[in-house]
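Below: data.cif (mmCIF, C-alpha atoms)
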```
data_coords
#
loop_
_atom_site.label_atom_id
_atom_site.label_comp_id
_atom_site.auth_asym_id
_atom_site.auth_seq_id
_atom_site.Cartn_x
_atom_site.Cartn_y
_atom_site.Cartn_z
CA MET A 1 76.96 -84.53 -104.25
CA ILE A 2 76.50 -81.59 -101.88
CA LEU A 3 79.24 -79.66 -103.71
CA PHE A 4 77.44 -80.13 -107.04
CA LEU A 5 74.02 -79.02 -105.70
CA PRO A 6 74.59 -75.29 -106.45
CA LEU A 7 75.86 -76.23 -109.92
CA SER A 8 72.79 -78.39 -110.47
CA LEU A 9 70.57 -75.43 -109.60
CA VAL A 10 72.43 -73.19 -112.08
CA ILE A 11 72.04 -75.85 -114.78
CA LEU A 12 68.31 -76.16 -114.03
CA ILE A 13 67.78 -72.37 -114.19
CA ALA A 14 69.86 -72.15 -117.38
CA SER A 15 67.61 -74.84 -118.88
CA PHE A 16 64.63 -72.53 -118.55
CA ASP A 17 66.55 -69.62 -120.05
CA THR A 18 67.94 -71.54 -123.05
CA GLN A 19 64.86 -73.75 -123.50
CA ALA A 20 67.12 -76.82 -123.61
CA ILE A 21 68.85 -79.15 -121.17
CA GLY A 22 71.20 -76.93 -119.16
CA LEU A 23 74.33 -79.03 -119.63
CA PHE A 24 76.25 -78.57 -122.87
CA THR A 25 78.80 -81.07 -124.15
CA GLN A 26 81.16 -80.68 -127.06
CA LYS A 27 84.07 -82.67 -128.48
CA ARG A 28 87.38 -80.97 -127.77
CA VAL A 29 91.01 -81.88 -128.33
CA GLY A 30 93.13 -82.39 -125.24
CA LEU A 31 96.26 -84.19 -124.11
CA LYS A 32 98.25 -85.78 -126.97
CA GLY A 33 95.63 -84.63 -129.49
CA LYS A 34 92.99 -87.01 -128.15
CA GLU A 35 89.34 -85.97 -128.27
CA PHE A 36 87.14 -85.85 -125.17
CA LEU A 37 83.76 -84.40 -124.19
CA ILE A 38 83.92 -81.08 -122.38
CA PHE A 39 81.08 -80.11 -120.03
CA LYS A 40 79.72 -76.57 -119.72
CA VAL A 41 76.53 -74.87 -118.60
CA ARG A 42 74.39 -74.17 -121.65
CA THR A 43 74.26 -70.38 -122.18
CA MET A 44 72.90 -70.11 -125.72
CA LYS A 45 69.64 -70.78 -127.52
CA HIS A 46 69.71 -73.13 -130.48
CA SER A 47 69.74 -71.37 -133.86
CA GLU A 48 69.14 -73.03 -137.23
CA LEU A 49 70.67 -69.95 -138.89
CA ASN A 50 73.94 -69.94 -136.94
CA LYS A 51 75.59 -73.27 -136.13
CA SER A 52 79.10 -71.84 -135.65
CA THR A 53 81.21 -73.22 -132.80
CA THR A 54 82.62 -69.71 -132.31
CA THR A 55 80.65 -67.36 -130.12
CA VAL A 56 81.33 -63.71 -130.94
CA SER A 57 80.76 -60.51 -128.94
CA ASN A 58 77.06 -59.67 -128.66
CA ASP A 59 76.12 -63.05 -130.17
CA PRO A 60 72.29 -63.11 -130.32
CA ARG A 61 72.29 -66.80 -129.36
CA VAL A 62 73.60 -66.00 -125.85
CA THR A 63 70.73 -65.60 -123.40
CA PHE A 64 70.46 -62.87 -120.76
CA LEU A 65 71.33 -65.31 -117.97
CA GLY A 66 73.92 -66.91 -120.24
CA ALA A 67 75.78 -63.61 -120.60
CA PHE A 68 76.02 -63.31 -116.81
CA LEU A 69 77.14 -66.94 -116.40
CA ARG A 70 79.84 -66.42 -119.05
CA ARG A 71 81.03 -63.12 -117.56
CA MET A 72 81.41 -64.73 -114.13
CA LYS A 73 82.83 -67.93 -115.70
CA ILE A 74 80.13 -69.98 -113.95
CA ASP A 75 79.45 -71.73 -117.26
CA GLU A 76 82.88 -73.36 -116.89
CA LEU A 77 82.12 -75.03 -113.52
CA PRO A 78 80.99 -78.37 -115.01
CA GLN A 79 84.58 -78.74 -116.23
CA LEU A 80 85.34 -79.79 -112.67
CA ILE A 81 83.81 -83.08 -113.86
CA ASN A 82 86.46 -83.16 -116.61
CA VAL A 83 89.15 -82.53 -113.98
CA PHE A 84 87.72 -85.34 -111.85
CA LEU A 85 87.66 -87.68 -114.89
CA GLY A 86 91.28 -86.79 -115.70
CA SER A 87 90.73 -85.22 -119.13
CA MET A 88 91.47 -81.69 -117.86
CA SER A 89 93.45 -79.84 -115.22
CA PHE A 90 92.73 -76.61 -113.35
CA VAL A 91 95.46 -74.77 -115.28
CA GLY A 92 96.67 -75.37 -118.82
CA PRO A 93 95.95 -74.36 -122.39
CA ARG A 94 92.21 -74.25 -123.08
CA PRO A 95 91.00 -77.31 -125.02
CA THR A 96 90.24 -76.57 -128.64
CA VAL A 97 87.86 -77.88 -131.27
CA LEU A 98 89.18 -80.39 -133.82
CA ASP A 99 88.95 -77.89 -136.71
CA ASP A 100 91.33 -75.47 -134.97
CA TYR A 101 93.65 -78.30 -133.87
CA SER A 102 93.95 -79.52 -137.45
CA ARG A 103 95.03 -76.01 -138.55
CA MET A 104 97.88 -75.85 -136.01
CA ASP A 105 101.49 -76.38 -137.00
CA ASP A 106 103.80 -78.68 -135.00
CA GLU A 107 105.03 -75.80 -132.80
CA GLN A 108 101.46 -74.81 -131.90
CA LYS A 109 100.53 -78.43 -131.18
CA LEU A 110 103.06 -78.43 -128.32
CA ARG A 111 100.18 -77.06 -126.26
CA SER A 112 98.65 -80.55 -126.35
CA THR A 113 101.62 -82.11 -124.53
CA VAL A 114 99.93 -81.14 -121.24
CA LYS A 115 96.35 -81.55 -120.06
CA PRO A 116 94.08 -78.69 -121.07
CA GLY A 117 92.93 -76.41 -118.27
CA ILE A 118 89.85 -74.63 -117.04
CA THR A 119 92.00 -71.49 -117.09
CA GLY A 120 95.39 -70.76 -118.55
CA PHE A 121 98.13 -68.27 -119.33
CA ALA A 122 96.39 -67.04 -122.51
CA GLN A 123 93.14 -66.48 -120.58
CA VAL A 124 94.77 -64.21 -118.00
CA SER A 125 96.80 -62.42 -120.70
CA GLY A 126 93.88 -61.16 -122.77
CA ASN A 127 91.98 -64.30 -123.74
CA THR A 128 89.67 -63.68 -126.69
CA SER A 129 90.77 -60.07 -127.13
CA LEU A 130 93.94 -61.68 -128.55
CA SER A 131 94.14 -63.42 -131.92
CA TRP A 132 94.15 -67.21 -131.90
CA PRO A 133 97.81 -67.35 -133.10
CA ARG A 134 98.81 -65.03 -130.22
CA ARG A 135 96.98 -67.23 -127.69
CA LEU A 136 98.70 -70.29 -129.14
CA LYS A 137 102.11 -68.61 -128.64
CA LEU A 138 101.21 -67.93 -125.01
CA ASP A 139 100.09 -71.55 -124.57
CA VAL A 140 103.38 -72.86 -125.98
CA SER A 141 105.28 -70.48 -123.69
CA TYR A 142 103.28 -71.83 -120.72
CA VAL A 143 104.13 -75.43 -121.68
CA ARG A 144 107.82 -74.66 -122.04
CA ASN A 145 107.95 -72.91 -118.65
CA LEU A 146 105.71 -75.16 -116.51
CA SER A 147 105.90 -74.57 -112.78
CA LEU A 148 103.69 -74.78 -109.72
CA LYS A 149 104.43 -71.09 -109.08
CA SER A 150 103.09 -70.08 -112.51
CA ASP A 151 99.97 -72.24 -112.05
CA ILE A 152 99.23 -70.58 -108.70
CA LEU A 153 99.78 -67.15 -110.25
CA ILE A 154 97.42 -67.98 -113.16
CA LEU A 155 94.72 -69.19 -110.73
CA TRP A 156 95.11 -66.01 -108.66
CA LYS A 157 94.95 -63.76 -111.77
CA THR A 158 91.86 -65.63 -112.97
CA ILE A 159 90.05 -64.93 -109.70
CA ILE A 160 91.06 -61.24 -109.80
CA LEU A 161 89.95 -60.84 -113.44
CA ILE A 162 86.59 -62.47 -112.73
CA LEU A 163 85.99 -60.28 -109.67
CA LYS A 164 86.93 -57.16 -111.65
CA ASN A 165 84.78 -58.33 -114.58
CA LYS A 166 87.81 -57.94 -116.87
CA ILE A 167 87.99 -61.37 -118.47
CA HIS A 168 87.17 -61.46 -122.19
CA THR A 169 84.93 -64.36 -123.12
CA ASP A 170 84.09 -63.88 -126.79
CA PRO A 171 86.23 -62.80 -129.74
CA ALA A 172 85.32 -59.62 -131.62
CA GLY A 173 84.80 -61.52 -134.88
CA SER A 174 84.38 -65.04 -136.21
CA ASP A 175 87.88 -65.32 -137.76
CA GLU A 176 90.09 -65.81 -134.72
CA TRP A 177 93.02 -66.98 -136.85
CA ARG A 178 93.60 -63.52 -138.27
CA GLU A 179 96.58 -61.75 -136.65
#
```
Let me see the structure of the file written as structure tokens.
Amino acid sequence: MILFLPLSLVILIASFDTQAIGLFTQKRVGLKGKEFLIFKVRTMKHSELNKSTTTVSNDPRVTFLGAFLRRMKIDELPQLINVFLGSMSFVGPRPTVLDDYSRMDDEQKLRSTVKPGITGFAQVSGNTSLSWPRRLKLDVSYVRNLSLKSDILILWKTIILILKNKIHTDPAGSDEWRE
């Protein structure tokens, strides 16, 4: 409980900024194509005009505090609950929404043969600055070359990218499938 106190404070503050409960849940596809609820800190205001699951660069729904939380990856901290519950790991392909999963071919679905991660090879290799098909190729490469050494390296690179503020969090446009 003591470890989650700082996270609880962030969620409470985010609730004021987004004018909604500070914890966001969404159905995602994980291990073996099974759906689960992912937990994140809410960083966006609700919009009747834009109900897209894709957040793009300079998205007006992202609050001022939300932009900071995303840049520092603090919005991902509630996924420690997912790790604790066993639906996620620290390192692995990022869990996807069902719509994207249904568009994947069999090769791309290899990414779901391991637990999804809070961070992964695609995230430290360009993340959303890369097209979705490119990220999927990196995820499949990760799965085919699993090792403790690569997981440690990915965790280390994630920390460095966050500290240098060099991690991309939102794609440039709404069509991530375009090469």
> Looking at only C-alpha atoms, which of A:Lys166, A:Arg144, A:Arg103, A:Lys34 is the one that sits closest to Val124 (chain A)?
Replying inline: A:Lys166
> Any chance you could work out the residue set of the PyMOL selection byres ((chain A and resi 43) around 10) here, as a list in words?
Replying inline: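 On the file shown, the PyMOL selection byres ((chain A and resi 43) around 10) covers Ile11, Ala14, Ser15, Asp17, Thr18, Ala20, Gly22, Leu23, Phe24, Lys40, Val41, Arg42, Met44, Lys45, His46, Arg61, Val62, Thr63, Phe64, Leu65, Gly66, Ala67, Phe68, Leu69, Arg70 and Asp75 of chain A.
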> So how far away is CA of Gln123 (chain A) from CA of Ile154 (chain A), in Å?
Replying inline: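 It comes out at 8.7 Å.
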>> Need the shell around Met88 (chain A): protein/DNA/RNA residues with any atom at most 10 Å away, counting all atoms listed in the file. Skip same-chain ones fewer than 2 positions apart. Format as a list in words?
In response: Gly30, Leu31, Phe36, Ile38, Gln79, Leu80, Ile81, Asn82, Val83, Phe84, Leu85, Gly86, Phe90, Val91, Gly92, Pro93, Arg94, Pro95, Val114, Lys115, Pro116, Gly117 and Ile118 of chain A
> Mind pulling up the distance from CA of Tyr142 (chain A) to CA of Lys27 (chain A)?
Replying inline: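 Computed distance, CA of Lys27 (chain A) to CA of Tyr142 (chain A), equals 23.4 Å.
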What would the selection look like, as a PDB file with C-alpha atoms, keeping the file's coordinate frame, if the PyMOL selection byres ((chain A and resi 125) around 12) were run on the coordinates I just shared?
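Output file expr.pdb follows:
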```pdb
ATOM      1  CA  THR A 119      92.000 -71.490-117.090  1.00  0.00           C
ATOM      2  CA  GLY A 120      95.390 -70.760-118.550  1.00  0.00           C
ATOM      3  CA  PHE A 121      98.130 -68.270-119.330  1.00  0.00           C
ATOM      4  CA  ALA A 122      96.390 -67.040-122.510  1.00  0.00           C
ATOM      5  CA  GLN A 123      93.140 -66.480-120.580  1.00  0.00           C
ATOM      6  CA  VAL A 124      94.770 -64.210-118.000  1.00  0.00           C
ATOM      7  CA  GLY A 126      93.880 -61.160-122.770  1.00  0.00           C
ATOM      8  CA  ASN A 127      91.980 -64.300-123.740  1.00  0.00           C
ATOM      9  CA  THR A 128      89.670 -63.680-126.690  1.00  0.00           C
ATOM     10  CA  SER A 129      90.770 -60.070-127.130  1.00  0.00           C
ATOM     11  CA  LEU A 130      93.940 -61.680-128.550  1.00  0.00           C
ATOM     12  CA  SER A 131      94.140 -63.420-131.920  1.00  0.00           C
ATOM     13  CA  ARG A 134      98.810 -65.030-130.220  1.00  0.00           C
ATOM     14  CA  ARG A 135      96.980 -67.230-127.690  1.00  0.00           C
ATOM     15  CA  LEU A 136      98.700 -70.290-129.140  1.00  0.00           C
ATOM     16  CA  LYS A 137     102.110 -68.610-128.640  1.00  0.00           C
ATOM     17  CA  LEU A 138     101.210 -67.930-125.010  1.00  0.00           C
ATOM     18  CA  ASP A 139     100.090 -71.550-124.570  1.00  0.00           C
ATOM     19  CA  TYR A 142     103.280 -71.830-120.720  1.00  0.00           C
ATOM     20  CA  LEU A 153      99.780 -67.150-110.250  1.00  0.00           C
ATOM     21  CA  ILE A 154      97.420 -67.980-113.160  1.00  0.00           C
ATOM     22  CA  LYS A 157      94.950 -63.760-111.770  1.00  0.00           C
ATOM     23  CA  THR A 158      91.860 -65.630-112.970  1.00  0.00           C
ATOM     24  CA  LEU A 161      89.950 -60.840-113.440  1.00  0.00           C
ATOM     25  CA  LYS A 166      87.810 -57.940-116.870  1.00  0.00           C
ATOM     26  CA  ILE A 167      87.990 -61.370-118.470  1.00  0.00           C
ATOM     27  CA  HIS A 168      87.170 -61.460-122.190  1.00  0.00           C
TER      28      HIS A 168
END
```
>> Report, in Å to a single decimal, how far apart CA of Ser102 (chain A) and CA of Glu35 (chain A) are.
In response: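 Separation of CA of Glu35 (chain A) and CA of Ser102 (chain A): 12.1 Å.
Distances from A:Ile152, A:Ile160, A:Val10, A:Met104 to Leu77 (chain A) were compared using all atoms listed in the file, and the smallest one belongs to A:Val10.
Proximity of A:Ser89, A:Glu76, A:Val140, A:Leu146 to Glu107 (chain A), computed with only C-alpha atoms, is greatest for A:Val140.
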> Which of these residues is nearest to Arg111 (chain A), using only C-alpha atoms: A:Ile13, A:Val29, A:Leu163, A:Leu5?
Replying inline: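 Going through A:Ile13, A:Val29, A:Leu163, A:Leu5 one by one, the smallest distance to Arg111 (chain A) is for A:Val29.
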>> So, with all atoms listed in the file as the atoms that count, which of A:Trp132, A:Lys32, A:Ile162, A:Leu98 lies closest to Met72 (chain A)?
In response: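 Closest residue, counting all atoms listed in the file: A:Ile162.
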Let me know the centre plus edge lengths, in Å and rounded to one decimal, of a box with edges along x, y and z that contains all listed atoms of region 63-82 of chain A and is padded by 3 Å on every side, as AutoDock Vina command-line options.
```
--center_x 78.5 --center_y -73.0 --center_z -118.0 --size_x 22.0 --size_y 26.3 --size_z 16.7
```
